[in-house]
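Text of input_20.txt (compact mmCIF, C-alpha atoms and all ligand atoms) as supplied:
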# COMPACT_ATOMS: atom_id res chain seq x y z
CA MET A 25 58.80 -185.63 -95.64
CA THR A 26 58.80 -189.14 -94.23
CA ALA A 27 59.74 -189.88 -90.63
CA GLU A 28 62.90 -191.61 -91.81
CA ILE A 29 64.14 -188.57 -93.75
CA LYS A 30 63.32 -186.26 -90.83
CA GLN A 31 65.44 -188.46 -88.56
CA GLN A 32 68.40 -188.27 -90.93
CA VAL A 33 68.19 -184.48 -91.18
CA GLN A 34 68.12 -184.14 -87.41
CA PHE A 35 71.09 -186.48 -86.99
CA LYS A 36 73.21 -184.43 -89.38
CA LYS A 37 72.30 -181.19 -87.59
CA GLU A 38 73.43 -182.61 -84.25
CA LYS A 39 76.80 -183.71 -85.59
CA LEU A 40 77.78 -180.39 -87.15
CA MET A 41 79.08 -177.68 -84.85
CA LYS A 42 81.59 -174.88 -85.25
CA VAL A 43 82.95 -172.38 -82.78
CA SER A 44 84.96 -169.33 -83.75
CA LYS A 45 87.19 -167.00 -81.80
CA LYS A 46 88.42 -163.64 -83.05
CA PHE A 47 91.86 -162.13 -82.38
CA ARG A 48 93.29 -158.75 -83.39
CA TRP A 49 96.75 -157.28 -83.49
CA GLU A 50 98.87 -154.62 -85.18
CA GLY A 51 101.84 -155.81 -87.19
CA ALA A 52 104.32 -154.84 -89.90
CA HIS A 53 105.70 -156.90 -92.76
CA ARG A 54 106.85 -156.76 -96.36
CA LEU A 55 107.04 -159.03 -99.40
CA PRO A 56 110.29 -157.94 -101.10
CA TRP A 57 109.47 -159.76 -104.35
CA HIS A 58 105.97 -158.29 -104.63
CA GLN A 59 105.20 -156.15 -107.70
CA GLY A 60 103.21 -153.55 -105.81
CA GLY A 61 102.66 -151.85 -102.47
CA CYS A 62 103.47 -154.92 -100.37
CA GLN A 63 107.13 -154.65 -101.45
CA SER A 64 107.58 -151.78 -98.95
CA LEU A 65 107.55 -152.26 -95.23
CA HIS A 66 104.00 -151.52 -94.11
CA GLY A 67 101.52 -152.40 -91.38
CA HIS A 68 98.13 -154.04 -90.96
CA SER A 69 95.48 -154.19 -88.29
CA TYR A 70 95.24 -157.95 -88.55
CA VAL A 71 92.02 -159.76 -87.72
CA LEU A 72 92.21 -163.51 -87.19
CA TRP A 73 89.35 -165.97 -86.88
CA VAL A 74 90.12 -169.42 -85.53
CA GLU A 75 87.27 -171.81 -86.21
CA LEU A 76 87.05 -175.31 -84.76
CA GLU A 77 84.62 -177.95 -85.89
CA GLY A 78 83.61 -181.26 -84.38
CA GLU A 79 81.04 -183.09 -82.34
CA PRO A 80 79.81 -181.35 -79.17
CA ASP A 81 79.79 -183.29 -75.90
CA GLU A 82 76.62 -184.55 -74.21
CA ARG A 83 76.14 -181.14 -72.55
CA GLY A 84 76.20 -179.40 -75.92
CA MET A 85 79.66 -177.85 -75.76
CA LEU A 86 82.30 -178.34 -78.41
CA ILE A 87 85.15 -176.45 -76.75
CA ASP A 88 85.29 -173.50 -74.37
CA PHE A 89 86.21 -170.21 -76.10
CA LYS A 90 88.64 -169.59 -73.23
CA VAL A 91 90.61 -172.70 -74.22
CA ILE A 92 91.11 -171.35 -77.75
CA LYS A 93 92.14 -167.99 -76.31
CA LYS A 94 94.65 -169.61 -73.96
CA ILE A 95 96.28 -171.58 -76.77
CA ILE A 96 96.47 -168.77 -79.35
CA SER A 97 97.09 -165.68 -77.18
CA PRO A 98 100.86 -166.22 -76.64
CA LEU A 99 101.35 -166.25 -80.43
CA ILE A 100 99.27 -163.09 -80.88
CA GLU A 101 101.21 -161.36 -78.09
CA SER A 102 104.48 -162.18 -79.83
CA TRP A 103 103.11 -160.78 -83.12
CA ASP A 104 101.47 -157.65 -81.72
CA HIS A 105 103.35 -154.42 -82.61
CA ALA A 106 106.09 -156.59 -84.10
CA THR A 107 107.57 -156.82 -87.57
CA LEU A 108 107.01 -160.23 -89.14
CA ILE A 109 110.12 -161.22 -91.09
CA ALA A 110 110.67 -164.09 -93.52
CA LYS A 111 113.77 -166.02 -92.44
CA ASP A 112 115.59 -165.34 -95.72
CA ASP A 113 114.85 -161.59 -95.76
CA THR A 114 118.32 -160.67 -94.47
CA LYS A 115 118.03 -156.95 -95.29
CA LEU A 116 114.92 -156.55 -93.16
CA LYS A 117 116.50 -158.62 -90.37
CA GLU A 118 119.50 -156.29 -90.35
CA ALA A 119 117.34 -153.15 -90.37
CA ILE A 120 115.15 -154.34 -87.50
CA ALA A 121 118.23 -155.44 -85.53
CA LEU A 122 119.66 -151.94 -85.98
CA LEU A 123 116.46 -150.44 -84.58
CA ASN A 124 116.34 -153.04 -81.82
CA SER A 125 112.64 -153.37 -82.66
CA LYS A 126 110.24 -156.16 -81.73
CA HIS A 127 110.10 -158.81 -84.45
CA PHE A 128 109.14 -162.39 -85.22
CA ILE A 129 110.95 -164.60 -87.72
CA LEU A 130 108.78 -166.87 -89.86
CA PRO A 131 110.11 -169.89 -91.78
CA TYR A 132 108.60 -168.53 -95.01
CA ASP A 133 107.22 -165.38 -96.64
CA THR A 134 104.77 -163.37 -94.57
CA THR A 135 101.79 -163.68 -96.91
CA SER A 136 98.33 -163.93 -95.37
CA GLU A 137 98.11 -167.48 -96.68
CA ASN A 138 101.33 -168.50 -94.92
CA LEU A 139 100.25 -166.82 -91.69
CA CYS A 140 97.05 -168.91 -91.80
CA LEU A 141 99.12 -172.09 -92.13
CA TYR A 142 101.43 -171.00 -89.33
CA VAL A 143 98.48 -170.40 -87.00
CA ALA A 144 96.96 -173.79 -87.89
CA GLN A 145 100.27 -175.57 -87.19
CA TYR A 146 100.74 -173.62 -83.95
CA LEU A 147 97.25 -174.53 -82.84
CA LEU A 148 97.86 -178.20 -83.55
CA LYS A 149 101.21 -178.21 -81.78
CA LYS A 150 100.29 -176.19 -78.67
CA GLY A 151 96.67 -177.27 -78.40
CA PHE A 152 97.02 -180.88 -79.41
CA LYS A 153 95.75 -182.28 -76.12
CA ASN A 154 92.76 -179.92 -75.95
CA LEU A 155 91.77 -180.43 -79.56
CA SER A 156 92.03 -184.18 -79.14
CA GLU A 157 89.98 -184.19 -75.92
CA HIS A 158 87.25 -182.14 -77.58
CA ARG A 159 87.13 -184.32 -80.71
CA ILE A 160 87.98 -181.46 -83.08
CA ASP A 161 88.15 -182.72 -86.65
CA ARG A 162 88.54 -179.53 -88.68
CA ILE A 163 90.47 -176.32 -88.10
CA THR A 164 89.76 -173.26 -90.22
CA VAL A 165 91.94 -170.18 -89.93
CA ARG A 166 90.91 -166.93 -91.57
CA LEU A 167 93.25 -163.97 -91.62
CA GLN A 168 92.06 -160.54 -92.65
CA GLU A 169 94.75 -158.07 -93.67
CA THR A 170 92.43 -155.27 -94.70
CA GLU A 171 88.71 -154.60 -94.47
CA SER A 172 88.11 -156.17 -97.88
CA CYS A 173 90.70 -159.02 -98.08
CA TYR A 174 91.24 -162.27 -96.26
CA ALA A 175 92.95 -165.62 -96.71
CA GLU A 176 91.58 -168.84 -95.25
CA SER A 177 92.97 -172.32 -94.71
CA SER A 178 90.91 -175.31 -93.74
CA THR A 179 92.61 -178.33 -92.25
CA VAL A 180 91.02 -181.72 -91.64
CA VAL A 181 92.66 -183.39 -88.67
CA SER A 182 92.47 -186.81 -87.07
CA LEU A 183 93.44 -186.52 -83.42
CA GLU A 184 91.54 -189.41 -81.88
CA HIS A 185 94.43 -191.73 -81.11
CA PRO A 186 97.56 -189.64 -80.77
CA SER A 187 100.71 -191.61 -80.05
CA SER A 188 102.48 -188.44 -78.94
CA PRO A 189 102.02 -184.68 -79.26
CA GLU A 190 104.99 -184.58 -81.65
CA SER A 191 103.16 -186.76 -84.15
CA PHE A 192 100.67 -184.05 -85.13
CA ASP A 193 102.27 -183.51 -88.54
CA SER A 194 101.45 -186.98 -89.72
CA LYS A 195 97.89 -186.60 -88.46
CA VAL A 196 97.19 -183.63 -90.68
CA VAL A 197 95.18 -184.84 -93.63
CA SER A 198 95.36 -181.62 -95.60
CA LEU A 199 97.12 -178.36 -94.93
ZN ZN B 1 100.68 -156.43 -96.21

Would it be possible to restate this file's structure as structure tokens?
Ligand SMILES: [Zn+2]
Amino acid sequence: MTAEIKQQVQFKKEKLMKVSKKFRWEGAHRLPWHQGGCQSLHGHSYVLWVELEGEPDERGMLIDFKVIKKIISPLIESWDHATLIAKDDTKLKEAIALLNSKHFILPYDTTSENLCLYVAQYLLKKGFKNLSEHRIDRITVRLQETESCYAESSTVVSLEHPSSPESFDSKVVSL
């Protein structure tokens, strides 16, 4: 290997860094249109991994794990021991209202894939300033419903020159 190639390899290694933080909660949901077990109201011990990628600072830190925890924890607290309900699932809304039970309304069906997208959007909205300051350029969200199944979304973001925190939608390259 020539000196030039070695230099290139080292440069690439320095640029690539990921940090991941794990969250867990218990939640209920259903997919009324599903042709199988998910049609019934049921629960999961959800496991969520939030992974951030970017260039570490001169001290070698990309972003403090505590910062990720601070941004995401309020969402997890509102989902823990709650029933996640799609906004057009009126029957489930009525049933949960009758029970006066903790719940969270989502703008779409409560599939693992959609929950990944919701977490990514939440992270961008609530953590915009932090993600921008720490030069995060990719967000990966992995949601595990069971021991053997997970969904994952990977979002490339460009947060270097935000005009305002509300503009995050237009900064999302892929979601
Ligand atoms: Zn399920």

Spatial neighbours of stretch 136-153 of chain A, 6 Å, all atoms listed in the file, chain gap at least 5 places, as number ranges by chain | A: 95, 165, 175

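Environment of ligand ZN 1 (chain B), defined as every protein or nucleic acid residue with an atom within 10 Å of it and counting only C-alpha atoms and all ligand atoms, comprises Gly51, Ala52, His53, Arg54, Leu55, Gly61, Cys62, Gln63, Ser64, Leu65, His66, Gly67, His68, Ser69, Tyr70, Thr134, Thr135, Ser136, Glu169 and Thr170 of chain A.
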
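Proximity to A:Thr179 was assessed for A:Ile160, A:Ala110, A:Leu167, A:Leu99 counting all atoms listed in the file; the smallest distance is recorded for A:Ile160.
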
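One distance worth recording is that between atom CA of A:Gly60 and atom CA of A:Asp133, which is 15.5 Å.
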
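Among the candidate residues A:Gln59, A:Lys42, A:Thr114, A:Val71, the one lying nearest to A:Ser172 is A:Val71, with distances computed using only C-alpha atoms.
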
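In this model, the gap between atom CA of A:Pro131 and atom CA of A:His105 comes to 19.2 Å.
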
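Pairwise distance (atom CA of A:Ser178, atom CA of A:Leu155) equals 15.1 Å.
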
Neighbour list for A:Glu157 as a PDB file with C-alpha atoms, keeping the file's coordinate frame, cut-off 10 Å, only C-alpha atoms, skip fewer than 6 positions in-chain:
ATOM      1  CA  LEU A  86      82.300-178.340 -78.410  1.00  0.00           C
ATOM      2  CA  ILE A  87      85.150-176.450 -76.750  1.00  0.00           C
ATOM      3  CA  GLY A 151      96.670-177.270 -78.400  1.00  0.00           C
ATOM      4  CA  LEU A 183      93.440-186.520 -83.420  1.00  0.00           C
ATOM      5  CA  GLU A 184      91.540-189.410 -81.880  1.00  0.00           C
TER       6      GLU A 184
END

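Among the candidate residues A:Val91, A:Trp103, A:Leu76, A:Leu108, the one lying nearest to A:Val181 is A:Leu76, with distances computed using only C-alpha atoms.
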
Using all atoms listed in the file: which of A:Glu79, A:Glu171, A:Asp104, A:Asp161 has the shortest distance to A:Arg48 | A:Asp104

Quick one: axis-aligned box around all listed atoms of stretch 67-78 of chain A, 5 Å on every side, centre and edge lengths in Å to one decimal, written as JSON.
{"center_x": 92.6, "center_y": -166.8, "center_z": -87.9, "size_x": 27.9, "size_y": 38.9, "size_z": 17.0}

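Counting only C-alpha atoms, the residue from A:Val180, A:Glu75, A:Ser156, A:Phe128 that sits nearest to A:Leu116 is A:Phe128.
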
In terms of all atoms listed in the file, the residue from A:Ile100, A:Glu77, A:Trp49, A:Ala106 at minimal distance from A:Ser182 is A:Glu77
